[in-house]
Amino acid sequence: MLKMDVSSYFASIPHEPLVALLKRRVGANGVLDHIERIVRVCGTDGRGLPIGSLTSQHLANLYLGVLDHRVKDEWGVKGYLRYMDDFLLFGEREQLMTYRRNVVGVLQDLGLQPNERHSSLVRTRTGVPFLGFMVFPKVIRVRQCTWRRFRMRYRQIGADLKRGRVDEDEAAACMSSLFAHLQAFDTWRLRRSFLSVSK
């Protein structure tokens with residue numbers, strides 16, 4: 001399996017090709033003018049979108065849609081997964097080496113660069129690090145760094161509640177969000193053990 005992502009994705013999205021793509025997709029001129037103003041106000045040197053903005057998330061997804069169509073429609077890759085600028089391609093080693101060269105070419109055409117430190121060929125049976133989790137063929141486990149952040153955030157919410165920085169409803173909402181994220185994966189025993197120790 002090939003794991004890749006884009007170097008400094010949000011900060012490096014070039015405005016001109018993004019606006020050109022929008023012009024092909026958006027029919028309403030008023031809407032297009034408004035989006036174009038948002039794009040051009042952000043970043044420096046004609047590049048970049050603000051991290052965290054909903055508009056940026058949609059535009060960033062749209063921009064890498066070009067890669068999606070190349071991978072799925074032109075190259076016929078059956079095993080492909082992308083979340084924002086993190087993506088996985090599945091196949092045999094020789095295939096994956098070709099895909100990697102092709103992906104680098106598409107990214108360069110888009111004015112982007114792959115993050116070489118996070119680009120690697122991985123055997124799926126040994127686990128694939130993806131979005132803070134280790135994905136195995138039959139189970140998805142939380143990574144140690146993600147688990148450490150969870151525990152730190154859990155303790156911080158408890159401390160904020162004790163000091164009166166948040167009320168019980170706010171603390172409960174934060175805790176619920178933390179645990180909901182973990183519940184999407186195979187963490188039942190981990191959560192049960194953590195809660196029994198934290199009482």
# chains A, B, ... in the order shown; residues from 1 in each chain; ligands from 1
call {"tool": "select_by_dssp", "arguments": {"residues": "segment 15-115 of chain A", "states": "helix (DSSP H, G or I)", "output": "number ranges by chain"}}
result
A: 15-25, 29-41, 54-74, 93-109
call {"tool": "select_by_dssp", "arguments": {"residues": "segment 102-169 of chain A", "states": "strand (DSSP E or B)", "output": "PyMOL selection string"}}
result
chain A and resi 114+120-121+128-130+133-135+140-142
call {"tool": "write_last_selection", "arguments": {"atoms": "all heavy atoms", "output": "JSON list (two decimals), in the first residue's frame"}}
result
[["chain", "number", "residue", "atom", "x", "y", "z"],
["A", 114, "PRO", "N", 4.56, 16.64, -2.86],
["A", 114, "PRO", "CA", 4.29, 15.60, -1.87],
["A", 114, "PRO", "C", 5.15, 15.81, -0.63],
["A", 114, "PRO", "O", 6.25, 16.36, -0.73],
["A", 114, "PRO", "CB", 4.68, 14.31, -2.59],
["A", 114, "PRO", "CG", 5.69, 14.74, -3.60],
["A", 114, "PRO", "CD", 5.29, 16.13, -4.03],
["A", 120, "SER", "N", 5.32, 6.70, 1.84],
["A", 120, "SER", "CA", 5.98, 5.41, 2.05],
["A", 120, "SER", "C", 5.13, 4.26, 1.52],
["A", 120, "SER", "O", 3.91, 4.36, 1.40],
["A", 120, "SER", "CB", 6.25, 5.19, 3.54],
["A", 120, "SER", "OG", 5.05, 5.24, 4.28],
["A", 121, "LEU", "N", 5.83, 3.17, 1.20],
["A", 121, "LEU", "CA", 5.18, 1.91, 0.88],
["A", 121, "LEU", "C", 5.08, 1.11, 2.17],
["A", 121, "LEU", "O", 6.06, 0.96, 2.89],
["A", 121, "LEU", "CB", 5.99, 1.12, -0.15],
["A", 121, "LEU", "CG", 5.95, 1.65, -1.58],
["A", 121, "LEU", "CD1", 6.94, 0.89, -2.45],
["A", 121, "LEU", "CD2", 4.56, 1.55, -2.17],
["A", 128, "VAL", "N", -1.34, 0.42, 9.11],
["A", 128, "VAL", "CA", -1.15, 1.65, 8.33],
["A", 128, "VAL", "C", -1.51, 2.85, 9.20],
["A", 128, "VAL", "O", -2.64, 2.95, 9.68],
["A", 128, "VAL", "CB", -2.06, 1.64, 7.08],
["A", 128, "VAL", "CG1", -1.89, 2.93, 6.29],
["A", 128, "VAL", "CG2", -1.77, 0.43, 6.22],
["A", 129, "PRO", "N", -0.56, 3.76, 9.45],
["A", 129, "PRO", "CA", -0.90, 4.96, 10.21],
["A", 129, "PRO", "C", -1.74, 5.90, 9.33],
["A", 129, "PRO", "O", -1.29, 6.30, 8.26],
["A", 129, "PRO", "CB", 0.46, 5.57, 10.55],
["A", 129, "PRO", "CG", 1.40, 5.03, 9.52],
["A", 129, "PRO", "CD", 0.86, 3.71, 9.08],
["A", 130, "PHE", "N", -2.94, 6.21, 9.78],
["A", 130, "PHE", "CA", -3.82, 7.06, 8.98],
["A", 130, "PHE", "C", -4.77, 7.82, 9.89],
["A", 130, "PHE", "O", -5.50, 7.22, 10.68],
["A", 130, "PHE", "CB", -4.63, 6.20, 7.99],
["A", 130, "PHE", "CG", -5.34, 6.98, 6.92],
["A", 130, "PHE", "CD1", -4.64, 7.72, 6.00],
["A", 130, "PHE", "CD2", -6.73, 6.97, 6.84],
["A", 130, "PHE", "CE1", -5.29, 8.44, 5.01],
["A", 130, "PHE", "CE2", -7.38, 7.69, 5.85],
["A", 130, "PHE", "CZ", -6.66, 8.43, 4.93],
["A", 133, "PHE", "N", -4.81, 6.96, 13.62],
["A", 133, "PHE", "CA", -5.10, 5.58, 13.98],
["A", 133, "PHE", "C", -4.19, 4.63, 13.21],
["A", 133, "PHE", "O", -3.62, 5.00, 12.19],
["A", 133, "PHE", "CB", -6.57, 5.25, 13.69],
["A", 133, "PHE", "CG", -7.52, 6.01, 14.57],
["A", 133, "PHE", "CD1", -7.94, 7.28, 14.22],
["A", 133, "PHE", "CD2", -7.95, 5.49, 15.77],
["A", 133, "PHE", "CE1", -8.79, 8.01, 15.04],
["A", 133, "PHE", "CE2", -8.79, 6.20, 16.60],
["A", 133, "PHE", "CZ", -9.21, 7.47, 16.24],
["A", 134, "MET", "N", -4.03, 3.43, 13.74],
["A", 134, "MET", "CA", -3.32, 2.37, 13.03],
["A", 134, "MET", "C", -4.36, 1.42, 12.46],
["A", 134, "MET", "O", -5.13, 0.81, 13.21],
["A", 134, "MET", "CB", -2.39, 1.61, 13.98],
["A", 134, "MET", "CG", -1.14, 2.38, 14.35],
["A", 134, "MET", "SD", -0.07, 2.75, 12.93],
["A", 134, "MET", "CE", 0.56, 1.12, 12.52],
["A", 135, "VAL", "N", -4.42, 1.33, 11.15],
["A", 135, "VAL", "CA", -5.43, 0.53, 10.47],
["A", 135, "VAL", "C", -4.82, -0.81, 10.08],
["A", 135, "VAL", "O", -3.85, -0.86, 9.30],
["A", 135, "VAL", "CB", -5.96, 1.26, 9.22],
["A", 135, "VAL", "CG1", -7.04, 0.44, 8.55],
["A", 135, "VAL", "CG2", -6.46, 2.65, 9.59],
["A", 140, "ILE", "N", -8.97, -1.55, 13.85],
["A", 140, "ILE", "CA", -8.41, -0.20, 13.79],
["A", 140, "ILE", "C", -8.08, 0.23, 15.21],
["A", 140, "ILE", "O", -8.96, 0.29, 16.07],
["A", 140, "ILE", "CB", -9.41, 0.80, 13.15],
["A", 140, "ILE", "CG1", -9.77, 0.35, 11.74],
["A", 140, "ILE", "CG2", -8.81, 2.20, 13.13],
["A", 140, "ILE", "CD1", -10.81, 1.20, 11.07],
["A", 141, "ARG", "N", -6.80, 0.50, 15.45],
["A", 141, "ARG", "CA", -6.35, 0.85, 16.79],
["A", 141, "ARG", "C", -5.93, 2.32, 16.83],
["A", 141, "ARG", "O", -5.48, 2.87, 15.84],
["A", 141, "ARG", "CB", -5.18, -0.03, 17.22],
["A", 141, "ARG", "CG", -5.56, -1.48, 17.35],
["A", 141, "ARG", "CD", -4.45, -2.29, 17.99],
["A", 141, "ARG", "NE", -4.90, -3.66, 18.18],
["A", 141, "ARG", "CZ", -4.24, -4.73, 17.77],
["A", 141, "ARG", "NH1", -3.09, -4.60, 17.16],
["A", 141, "ARG", "NH2", -4.72, -5.94, 18.00],
["A", 142, "VAL", "N", -6.06, 2.90, 18.01],
["A", 142, "VAL", "CA", -5.64, 4.28, 18.20],
["A", 142, "VAL", "C", -4.12, 4.32, 18.33],
["A", 142, "VAL", "O", -3.51, 3.43, 18.94],
["A", 142, "VAL", "CB", -6.34, 4.89, 19.45],
["A", 142, "VAL", "CG1", -5.88, 4.23, 20.72],
["A", 142, "VAL", "CG2", -6.13, 6.39, 19.51]]
call {"tool": "atom_distance", "arguments": {"atom1": "atom CA of Met84 of chain A", "atom2": "atom CA of Met97 of chain A"}}
result
22.0 Å
call {"tool": "residues_around", "arguments": {"residues": "Leu18 of chain A", "least_positions_apart": "2", "cutoff": "9 Å", "atoms": "only C-alpha atoms", "output": "PyMOL selection string"}}
result
chain A and resi 13-16+20-23+39+59-60+62-63+110
call {"tool": "write_last_selection", "arguments": {"atoms": "C-alpha atoms", "output": "PDB file, in the first residue's frame"}}
result
ATOM      1  CA  ILE A  13      -2.807  25.800  -2.789  1.00  0.00           C
ATOM      2  CA  PRO A  14      -2.269  28.222  -5.701  1.00  0.00           C
ATOM      3  CA  HIS A  15      -5.092  30.708  -6.216  1.00  0.00           C
ATOM      4  CA  GLU A  16      -5.099  30.994 -10.008  1.00  0.00           C
ATOM      5  CA  ALA A  20     -10.014  28.584 -12.863  1.00  0.00           C
ATOM      6  CA  LEU A  21     -11.442  25.297 -11.548  1.00  0.00           C
ATOM      7  CA  LEU A  22     -14.207  27.183  -9.734  1.00  0.00           C
ATOM      8  CA  LYS A  23     -15.116  29.053 -12.929  1.00  0.00           C
ATOM      9  CA  VAL A  39      -9.721  32.921  -2.070  1.00  0.00           C
ATOM     10  CA  LEU A  59     -12.185  24.369  -1.720  1.00  0.00           C
ATOM     11  CA  ALA A  60      -9.271  22.149  -0.671  1.00  0.00           C
ATOM     12  CA  LEU A  62     -12.486  20.350  -4.649  1.00  0.00           C
ATOM     13  CA  TYR A  63      -8.910  21.104  -5.712  1.00  0.00           C
ATOM     14  CA  LEU A 110      -1.454  21.364  -9.524  1.00  0.00           C
TER      15      LEU A 110
END
call {"tool": "atom_distance", "arguments": {"atom1": "atom CA of Gly46 of chain A", "atom2": "atom CA of Ala11 of chain A"}}
result
10.1 Å
